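As stored in my_file.txt (compact mmCIF, C-alpha atoms):
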# COMPACT_ATOMS: atom_id res chain seq x y z
CA MET A 1 0.00 0.00 0.00
CA LYS A 2 1.20 3.45 -0.90
CA ASN A 3 0.52 5.11 2.39
CA LYS A 4 -0.37 2.73 5.17
CA ASN A 5 -0.37 5.40 7.86
CA LEU A 6 -2.72 7.67 5.95
CA TYR A 7 -4.97 4.68 5.29
CA ASN A 8 -5.12 3.67 8.94
CA TYR A 9 -5.50 7.21 10.15
CA ILE A 10 -8.57 7.80 8.02
CA LEU A 11 -9.91 4.34 8.78
CA GLY A 12 -9.85 5.24 12.47
CA ILE A 13 -12.06 8.26 11.91
CA ALA A 14 -14.35 6.52 9.44
CA ASP A 15 -14.94 3.38 11.49
CA ASN A 16 -16.27 5.48 14.36
CA SER A 17 -18.86 6.98 12.06
CA LEU A 18 -19.73 3.63 10.48
CA ILE A 19 -20.35 1.79 13.72
CA LEU A 20 -22.21 4.65 15.39
CA GLY A 21 -24.28 5.07 12.23
CA GLN A 22 -25.10 1.37 12.32
CA ARG A 23 -26.04 1.54 15.99
CA LEU A 24 -28.39 4.47 15.36
CA GLY A 25 -29.78 2.68 12.33
CA GLU A 26 -30.96 -0.11 14.61
CA LEU A 27 -33.38 2.41 16.09
CA CYS A 28 -35.08 3.14 12.78
CA GLY A 29 -38.76 2.53 13.47
CA HIS A 30 -38.05 2.09 17.20
CA GLY A 31 -37.51 5.68 18.31
CA PRO A 32 -39.49 6.96 21.28
CA ASN A 33 -41.76 8.87 18.91
CA LEU A 34 -41.97 9.69 15.23
CA GLU A 35 -40.06 12.97 15.46
CA THR A 36 -37.14 11.58 17.44
CA ASP A 37 -37.09 8.45 15.31
CA ILE A 38 -36.59 10.53 12.18
CA ALA A 39 -34.01 12.73 13.90
CA LEU A 40 -31.91 9.71 14.92
CA THR A 41 -32.15 8.20 11.47
CA ASN A 42 -31.06 11.52 9.96
CA ILE A 43 -27.99 11.51 12.19
CA SER A 44 -27.30 7.91 11.24
CA LEU A 45 -27.47 8.78 7.54
CA ASP A 46 -25.21 11.81 8.03
CA LEU A 47 -22.63 9.57 9.65
CA LEU A 48 -22.89 6.88 6.97
CA GLY A 49 -22.53 9.57 4.30
CA GLN A 50 -19.34 10.80 5.94
CA THR A 51 -18.11 7.22 6.21
CA ARG A 52 -18.60 6.74 2.48
CA ASN A 53 -16.50 9.82 1.73
CA TYR A 54 -13.64 8.47 3.82
CA TYR A 55 -13.87 4.92 2.47
CA GLN A 56 -14.06 6.08 -1.14
CA TYR A 57 -10.92 8.06 -0.56
CA ILE A 58 -8.91 5.28 1.10
CA ALA A 59 -10.16 2.63 -1.33
CA ARG A 60 -7.93 4.40 -3.85
CA LEU A 61 -4.89 3.95 -1.60
CA HIS A 62 -5.18 0.17 -1.81
CA ASP A 63 -2.82 -1.79 -4.07
CA LYS A 64 -5.53 -4.19 -5.09
CA GLU A 65 -8.73 -2.92 -6.53
CA LYS A 66 -11.00 -2.18 -3.58
CA THR A 67 -14.31 -0.41 -3.22
CA GLU A 68 -15.87 1.42 -0.31
CA ASP A 69 -18.13 -1.60 0.16
CA ASP A 70 -15.17 -3.98 0.54
CA ILE A 71 -13.85 -1.79 3.33
CA ALA A 72 -17.21 -1.42 5.03
CA PHE A 73 -18.39 -5.01 4.80
CA LEU A 74 -15.52 -7.40 4.27
CA ARG A 75 -13.22 -7.00 7.22
CA SER A 76 -12.94 -9.20 10.27
CA GLU A 77 -13.69 -7.82 13.72
CA ARG A 78 -10.05 -7.20 14.62
CA GLU A 79 -9.63 -5.06 11.52
CA TYR A 80 -12.21 -2.48 12.62
CA ILE A 81 -10.54 0.23 14.66
CA ASN A 82 -13.45 2.27 16.02
CA VAL A 83 -13.39 3.36 19.65
CA LEU A 84 -15.33 1.20 22.11
CA LEU A 85 -17.83 3.95 22.90
CA VAL A 86 -19.60 3.85 19.55
CA GLU A 87 -20.29 0.11 19.70
CA GLN A 88 -22.04 0.28 23.08
CA PRO A 89 -25.68 -0.83 22.88
CA ASN A 90 -28.86 1.24 22.74
CA THR A 91 -29.72 0.17 26.29
CA HIS A 92 -32.31 2.93 26.61
CA PHE A 93 -32.80 6.41 25.20
CA GLY A 94 -30.55 7.90 27.90
CA PHE A 95 -27.72 5.68 26.70
CA VAL A 96 -28.34 6.63 23.09
CA MET A 97 -28.11 10.31 23.96
CA ALA A 98 -25.14 10.02 26.34
CA ARG A 99 -23.19 8.00 23.76
CA GLN A 100 -24.08 10.49 21.06
CA PHE A 101 -23.21 13.46 23.25
CA PHE A 102 -19.79 12.11 24.28
CA TYR A 103 -19.06 11.36 20.66
CA ASP A 104 -20.42 14.62 19.21
CA VAL A 105 -18.32 16.89 21.44
CA PHE A 106 -15.23 15.01 20.30
CA HIS A 107 -16.33 14.74 16.68
CA LEU A 108 -17.03 18.47 16.42
CA MET A 109 -13.62 19.40 17.83
CA LEU A 110 -11.98 16.91 15.49
CA MET A 111 -13.77 18.27 12.41
CA GLU A 112 -12.87 21.85 13.36
CA LYS A 113 -9.18 20.93 13.33
CA LEU A 114 -9.33 18.50 10.41
CA GLN A 115 -10.44 21.36 8.17
CA GLU A 116 -6.88 22.64 8.47
CA SER A 117 -5.37 19.35 7.28
CA LYS A 118 -2.74 19.55 4.58
CA ASP A 119 -4.58 16.73 2.84
CA GLU A 120 -7.08 18.51 0.60
CA THR A 121 -9.57 15.66 0.45
CA LEU A 122 -9.66 15.27 4.22
CA SER A 123 -10.01 19.00 4.67
CA ALA A 124 -12.91 19.07 2.18
CA ILE A 125 -14.67 16.16 3.90
CA ALA A 126 -14.32 17.93 7.24
CA LYS A 127 -15.69 21.19 5.86
CA LYS A 128 -18.75 19.39 4.57
CA ALA A 129 -19.21 17.27 7.70
CA ILE A 130 -18.87 20.05 10.24
CA LYS A 131 -22.33 21.47 9.59
CA GLU A 132 -23.89 18.07 10.12
CA VAL A 133 -21.84 17.42 13.22
CA SER A 134 -22.71 20.82 14.70
CA TYR A 135 -26.35 19.83 14.48
CA HIS A 136 -25.68 16.42 16.04
CA PHE A 137 -24.02 18.18 18.95
CA ARG A 138 -26.91 20.58 19.34
CA PHE A 139 -29.41 17.71 19.28
CA SER A 140 -27.62 15.42 21.73
CA SER A 141 -26.57 18.14 24.18
CA ASP A 142 -30.15 19.47 24.25
CA TRP A 143 -31.44 16.01 25.07
CA VAL A 144 -28.83 15.46 27.77
CA LYS A 145 -29.96 18.72 29.38
CA ARG A 146 -33.64 17.94 28.98
CA LEU A 147 -33.37 14.49 30.49
CA GLY A 148 -30.82 15.38 33.15
CA ASP A 149 -32.81 18.39 34.25
CA GLY A 150 -36.19 16.75 33.63
CA THR A 151 -38.16 14.43 35.86
CA LYS A 152 -36.77 12.33 38.68
CA GLU A 153 -36.83 9.27 36.46
CA SER A 154 -35.26 10.91 33.41
CA HIS A 155 -32.52 12.32 35.64
CA TYR A 156 -31.83 8.90 37.11
CA LYS A 157 -31.65 7.24 33.70
CA MET A 158 -29.46 9.94 32.20
CA GLN A 159 -27.07 9.76 35.14
CA GLU A 160 -26.99 5.98 34.81
CA ALA A 161 -25.96 6.30 31.17
CA VAL A 162 -23.34 8.98 31.85
CA ASP A 163 -21.81 6.90 34.65
CA GLU A 164 -21.79 3.78 32.53
CA LEU A 165 -20.31 5.35 29.38
CA TRP A 166 -17.86 7.78 30.99
CA ARG A 167 -15.11 5.15 31.07
CA PHE A 168 -15.11 5.02 27.26
CA THR A 169 -14.33 8.72 26.74
CA ASP A 170 -10.58 8.62 27.34
CA GLU A 171 -9.93 6.36 24.37
CA PHE A 172 -10.63 9.20 21.92
CA PHE A 173 -7.33 10.72 22.93
CA HIS A 174 -5.07 7.67 22.56
CA LEU A 175 -2.73 8.06 19.64
CA THR A 176 -1.92 5.11 17.40
CA GLU A 177 1.26 4.87 15.35
CA ALA A 178 -0.68 5.99 12.30
CA ASP A 179 -2.10 8.96 14.22
CA LYS A 180 1.37 10.05 15.30
CA ALA A 181 2.79 9.74 11.79
CA MET A 182 -0.04 11.74 10.29
CA ILE A 183 0.23 14.47 12.94
CA GLU A 184 3.91 14.66 12.07
CA ALA A 185 3.01 15.08 8.39
CA GLY A 186 0.52 17.89 9.10
CA ILE A 187 -2.33 15.74 7.81
CA GLY A 188 -3.74 14.36 11.04
CA VAL A 189 -5.10 16.19 14.05
CA ASP A 190 -3.30 15.93 17.36
CA VAL A 191 -6.40 15.22 19.43
CA SER A 192 -4.43 15.27 22.68
CA ASN A 193 -4.29 19.07 22.20
CA PHE A 194 -8.00 19.41 22.84
CA LYS A 195 -8.43 16.75 25.50
CA GLU A 196 -8.66 19.38 28.21
CA ALA A 197 -11.12 21.47 26.21
CA TYR A 198 -13.18 18.32 25.61
CA TYR A 199 -13.60 17.56 29.28
CA ILE A 200 -14.34 21.20 30.07
CA LYS A 201 -17.09 21.30 27.45
CA VAL A 202 -18.57 17.96 28.54
CA SER A 203 -18.49 18.99 32.20
CA GLU A 204 -20.13 22.34 31.42
CA ILE A 205 -23.09 20.69 29.76
CA LEU A 206 -23.41 17.90 32.33
CA THR A 207 -23.41 20.53 35.07
CA GLU A 208 -26.09 22.50 33.27
CA ALA A 209 -28.03 19.24 33.02
CA THR A 210 -27.69 18.87 36.83
CA LEU A 211 -25.78 15.63 36.24
CA SER A 212 -22.67 14.67 38.11
CA ILE A 213 -19.53 14.07 36.18
CA GLY A 214 -18.28 10.54 35.84
CA ALA A 215 -16.22 9.65 38.86
CA SER A 216 -14.44 6.69 37.32
CA LYS A 217 -10.72 7.12 36.94
CA TYR A 218 -10.42 3.78 35.21
CA PHE A 219 -10.89 4.00 31.48
CA GLN A 220 -11.52 1.34 28.87
CA LYS A 221 -9.39 1.00 25.78
CA GLY A 222 -8.72 -1.40 22.94
CA GLY A 223 -11.03 -0.47 20.08
CA LYS A 224 -8.33 1.47 18.29
CA GLN A 225 -6.17 -1.67 18.32
CA GLY A 226 -9.05 -3.78 17.05
CA ILE A 227 -9.79 -5.32 20.45
CA HIS A 228 -13.52 -4.83 20.83
CA SER A 229 -16.22 -5.39 23.40
CA GLU A 230 -18.55 -8.38 23.19
CA HIS A 231 -21.09 -6.24 21.31
CA MET A 232 -18.99 -5.77 18.20
CA GLY A 233 -19.51 -9.26 16.78
CA PHE A 234 -23.27 -8.83 16.85
CA ILE A 235 -23.06 -5.46 15.11
CA LEU A 236 -20.89 -6.88 12.35
CA THR A 237 -23.12 -9.92 11.91
CA GLU A 238 -25.99 -7.63 11.07
CA LEU A 239 -23.91 -5.10 9.16
CA GLN A 240 -22.21 -7.71 6.99
CA TYR A 241 -25.09 -10.12 6.58
CA MET A 242 -25.98 -9.31 2.98
CA GLN A 243 -22.41 -9.27 1.68
CA ARG A 244 -21.54 -12.50 3.47
CA THR A 245 -24.67 -14.28 2.30
CA TYR A 246 -24.64 -12.96 -1.27
CA PRO A 247 -21.01 -12.08 -2.02
CA ASN A 248 -20.55 -9.15 -4.42
CA MET A 249 -24.24 -8.40 -4.34
CA LYS A 250 -25.06 -4.88 -5.49
CA TRP A 251 -28.12 -2.71 -4.90
CA MET B 1 -45.91 10.20 25.04
CA LYS B 2 -48.61 11.91 23.02
CA LYS B 3 -50.64 12.72 26.08
CA ASN B 4 -47.70 14.74 27.42
CA TRP B 5 -46.40 16.55 24.38
CA PRO B 6 -48.49 19.30 22.82
CA LEU B 7 -49.14 19.53 19.10
CA TRP B 8 -47.41 22.21 16.99
CA GLU B 9 -48.12 23.52 13.52
CA VAL B 10 -45.11 23.90 11.25
CA PHE B 11 -44.65 26.60 8.63
CA VAL B 12 -41.70 26.47 6.24
CA ARG B 13 -40.35 29.09 3.87
CA SER B 14 -39.03 27.13 0.94
CA LYS B 15 -36.88 29.97 -0.37
CA ASN B 16 -36.19 33.60 0.33
CA GLY B 17 -38.87 35.86 -1.05
CA LEU B 18 -41.63 33.32 -0.65
CA GLU B 19 -44.02 33.19 2.25
CA HIS B 20 -44.00 30.57 5.00
CA ARG B 21 -46.41 27.79 4.18
CA HIS B 22 -48.13 25.30 6.39
CA PHE B 23 -46.27 22.00 6.06
CA GLY B 24 -47.91 19.91 8.75
CA SER B 25 -47.83 19.30 12.46
CA LEU B 26 -45.78 17.46 15.05
CA HIS B 27 -45.39 16.81 18.75
CA ALA B 28 -42.79 18.50 20.96
CA SER B 29 -42.45 19.48 24.58
CA ASP B 30 -41.44 23.10 23.95
CA GLU B 31 -40.70 25.57 21.15
CA LYS B 32 -37.02 24.69 20.91
CA MET B 33 -37.76 21.00 20.48
CA ALA B 34 -40.56 21.87 18.08
CA LEU B 35 -38.11 23.74 15.81
CA GLU B 36 -35.58 20.90 15.91
CA ASN B 37 -38.24 18.30 15.24
CA ALA B 38 -39.60 20.39 12.39
CA ARG B 39 -36.13 20.62 10.92
CA ASP B 40 -35.75 16.84 11.09
CA VAL B 41 -39.23 15.90 9.95
CA TYR B 42 -39.99 18.54 7.31
CA THR B 43 -36.73 19.88 5.87
CA ARG B 44 -34.60 16.77 5.45
CA ARG B 45 -35.00 16.87 1.67
CA ASN B 46 -33.86 20.44 1.34
CA GLU B 47 -37.33 21.96 1.54
CA GLY B 48 -36.64 25.07 3.53
CA VAL B 49 -34.63 28.11 4.56
CA SER B 50 -36.75 29.17 7.52
CA ILE B 51 -39.16 27.50 9.93
CA TRP B 52 -41.95 28.86 12.12
CA VAL B 53 -43.72 26.77 14.72
CA VAL B 54 -46.80 27.66 16.69
CA LYS B 55 -48.73 25.65 19.23
CA SER B 56 -51.82 24.28 17.57
CA ILE B 57 -54.00 25.44 20.46
CA HIS B 58 -53.16 29.04 19.55
CA ILE B 59 -54.83 28.66 16.18
CA THR B 60 -58.42 29.74 15.98
CA ALA B 61 -60.24 28.02 13.16
CA THR B 62 -63.56 28.39 11.39
CA ASN B 63 -66.15 25.76 12.09
CA PRO B 64 -66.91 23.61 9.02
CA LYS B 65 -70.55 23.81 10.08
CA ASN B 66 -70.56 27.47 9.09
CA ASN B 67 -69.02 26.91 5.67
CA GLY B 68 -72.31 27.67 3.97
CA GLU B 69 -72.68 31.21 5.21
CA LEU B 70 -68.96 31.93 5.27
CA PHE B 71 -67.82 30.70 1.89
CA GLU B 72 -70.75 29.88 -0.36
CA PRO B 73 -71.69 33.52 -1.08
CA ALA B 74 -68.29 34.18 -2.68
CA LYS B 75 -68.68 31.38 -5.20
CA ASP B 76 -70.77 33.20 -7.79
CA LYS B 77 -68.96 36.54 -7.60
CA ILE B 78 -66.50 35.97 -10.38
CA TYR B 79 -65.97 39.71 -10.80
CA ARG B 80 -63.96 39.63 -7.56
CA HIS B 81 -61.25 37.61 -9.31
CA PRO B 82 -58.73 39.57 -11.35
CA THR B 83 -59.32 37.19 -14.25
CA PHE B 84 -60.28 40.04 -16.55
CA TYR B 85 -56.75 41.46 -16.56
CA LYS B 86 -53.84 40.27 -18.60
CA LEU B 87 -50.84 39.66 -16.34
CA PRO B 88 -47.40 40.61 -17.67
CA ASP B 89 -45.11 37.59 -18.07
CA GLU B 90 -42.55 39.02 -15.65
CA LEU B 91 -45.02 38.82 -12.80
CA LYS B 92 -44.37 35.61 -10.87
CA HIS B 93 -46.09 33.95 -7.94
CA MET B 94 -49.56 35.42 -8.47
How does this structure look as structure tokens?
Amino acid sequence: MKNKNLYNYILGIADNSLILGQRLGELCGHGPNLETDIALTNISLDLLGQTRNYYQYIARLHDKEKTEDDIAFLRSEREYINVLLVEQPNTHFGFVMARQFFYDVFHLMLMEKLQESKDETLSAIAKKAIKEVSYHFRFSSDWVKRLGDGTKESHYKMQEAVDELWRFTDEFFHLTEADKAMIEAGIGVDVSNFKEAYYIKVSEILTEATLSIGASKYFQKGGKQGIHSEHMGFILTELQYMQRTYPNMKW
Amino acid sequence: MKKNWPLWEVFVRSKNGLEHRHFGSLHASDEKMALENARDVYTRRNEGVSIWVVKSIHITATNPKNNGELFEPAKDKIYRHPTFYKLPDELKHM
């Protein structure tokens, strides 16, 4: 491959969007009401659209002829390098919103910086994506505030989700070899630079939502190295079903 | 859910210069959520540049029972329509 580090760097960003998009897609037709159902599906489609842009780009970096679909559907579990947060299940609506919120704050900061990438394609994708991501952030942070500062039950459930998912937030800021190489080249974003700003932003909104900030000092990691939680296999089974059952099938 | 969330009417301006039109209705707990829901439900196919929402209970409507006296009398008064004028081609949206 011409540029393995560039490939893996972009794959890391794209896999997050793919798996979160898939998770949200599971809720299509199962949202708490029609309006929220459509909103979640819109976000899912935004993320899958961004994923396609990334995969189309890196498909061209392959030596062999590859398509975006090969990258999306024909890898084994260990070859997906999304963070663990995005594969966590839709336990209840509080979890869906907490997961989305933790991801959106990060995603927005990442897109802001990725616009300045020396890689023109990446910069263009980020410029297009940032408007979508800004809306995702608005949507999820509003819901975190509504539920946190809502009824006794909504507060309890939101806090439960925040406490449960907090331990997955640190992984965003782990740098892989590919990340480091791309930062060096001026193509990748050094996410460790905005780690502090991330936690300040998250804490601000959680405080406004009358929620307490995750107390856990122990953080989960592994997704970026392809070591996933037990949920990942089930996601891929559903995601890959058509391509595995009818190889090379096209729409 | 529906018993808690009030109904809102949604008006969308499809492009600048045009008026807001009634697009439909939806449920939301407050005006902020109503705007976001309207954005997601009614403008996802690039239908709009501006959205208004108003609680449905704030709309006062005519009673269909009175349609006879309200609307029937206008039916045979064709001279109230500007159909006897020729409109210049440049005039749009009439």
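Atom CA of Glu238 of chain A sits 25.8 Å away from atom CA of Glu132 of chain A.
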### Query
Which neighbours of Leu40 of chain A fall inside 12 Å, counting all atoms listed in the file, when residues of the same chain fewer than 6 positions from it are skipped, and could you give them as an NGL selection string?
(:A and (20-34 or 46-47 or 90 or 93 or 96-97 or 100 or 135-136 or 139-140 or 143)) or (:B and (36-37 or 40-41))
Produce a file of the selected residues containing C-alpha atoms, as a compact mmCIF listing (two decimals), keeping the file's coordinate frame.
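To be explicit, this is the file written out as again_16.txt:
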# COMPACT_ATOMS: atom_id res chain seq x y z
CA LEU A 20 -22.21 4.65 15.39
CA GLY A 21 -24.28 5.07 12.23
CA GLN A 22 -25.10 1.37 12.32
CA ARG A 23 -26.04 1.54 15.99
CA LEU A 24 -28.39 4.47 15.36
CA GLY A 25 -29.78 2.68 12.33
CA GLU A 26 -30.96 -0.11 14.61
CA LEU A 27 -33.38 2.41 16.09
CA CYS A 28 -35.08 3.14 12.78
CA GLY A 29 -38.76 2.53 13.47
CA HIS A 30 -38.05 2.09 17.20
CA GLY A 31 -37.51 5.68 18.31
CA PRO A 32 -39.49 6.96 21.28
CA ASN A 33 -41.76 8.87 18.91
CA LEU A 34 -41.97 9.69 15.23
CA ASP A 46 -25.21 11.81 8.03
CA LEU A 47 -22.63 9.57 9.65
CA ASN A 90 -28.86 1.24 22.74
CA PHE A 93 -32.80 6.41 25.20
CA VAL A 96 -28.34 6.63 23.09
CA MET A 97 -28.11 10.31 23.96
CA GLN A 100 -24.08 10.49 21.06
CA TYR A 135 -26.35 19.83 14.48
CA HIS A 136 -25.68 16.42 16.04
CA PHE A 139 -29.41 17.71 19.28
CA SER A 140 -27.62 15.42 21.73
CA TRP A 143 -31.44 16.01 25.07
CA GLU B 36 -35.58 20.90 15.91
CA ASN B 37 -38.24 18.30 15.24
CA ASP B 40 -35.75 16.84 11.09
CA VAL B 41 -39.23 15.90 9.95
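Using all atoms listed in the file, the set of residues no farther than 12 Å from the position (-8.7, 17.1, 1.8) comprises A:Leu6, A:Ile10, A:Asn53, A:Tyr54, A:Tyr57, A:Ile58, A:Met111, A:Leu114, A:Gln115, A:Glu116, A:Ser117, A:Lys118, A:Asp119, A:Glu120, A:Thr121, A:Leu122, A:Ser123, A:Ala124, A:Ile125, A:Ala126, A:Lys127, A:Lys128, A:Gly186, A:Ile187, A:Gly188.
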Contact set, chain A to chain B: 7 Å, all atoms listed in the file, as a short mmCIF file (atom, residue, chain, number, x, y, z; two decimals) with C-alpha atoms, in the frame of the given file:
data_model
loop_
_atom_site.label_atom_id
_atom_site.label_comp_id
_atom_site.auth_asym_id
_atom_site.auth_seq_id
_atom_site.Cartn_x
_atom_site.Cartn_y
_atom_site.Cartn_z
CA GLU A 35 -40.06 12.97 15.46
CA ILE A 38 -36.59 10.53 12.18
CA ALA A 39 -34.01 12.73 13.90
#
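Separating atom CA of Pro89 of chain A from atom CA of Leu110 of chain A is a distance of 23.6 Å.
In this comparison, which uses all atoms listed in the file, the residue of A:Lys250, A:Lys2, A:Gly226, A:Tyr218 approaching Glu164 of chain A most closely is A:Tyr218.
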Quiz prompt | Tyr199 of chain A environment, 12 Å, all atoms listed in the file, sequence neighbours closer than 2 positions dropped, as a count of residues only | solution = 25
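Nearest to Gly223 of chain A of all the residues A:Asn16, A:Thr36, A:Asn8, A:Thr51 is A:Asn16, based on all atoms listed in the file.
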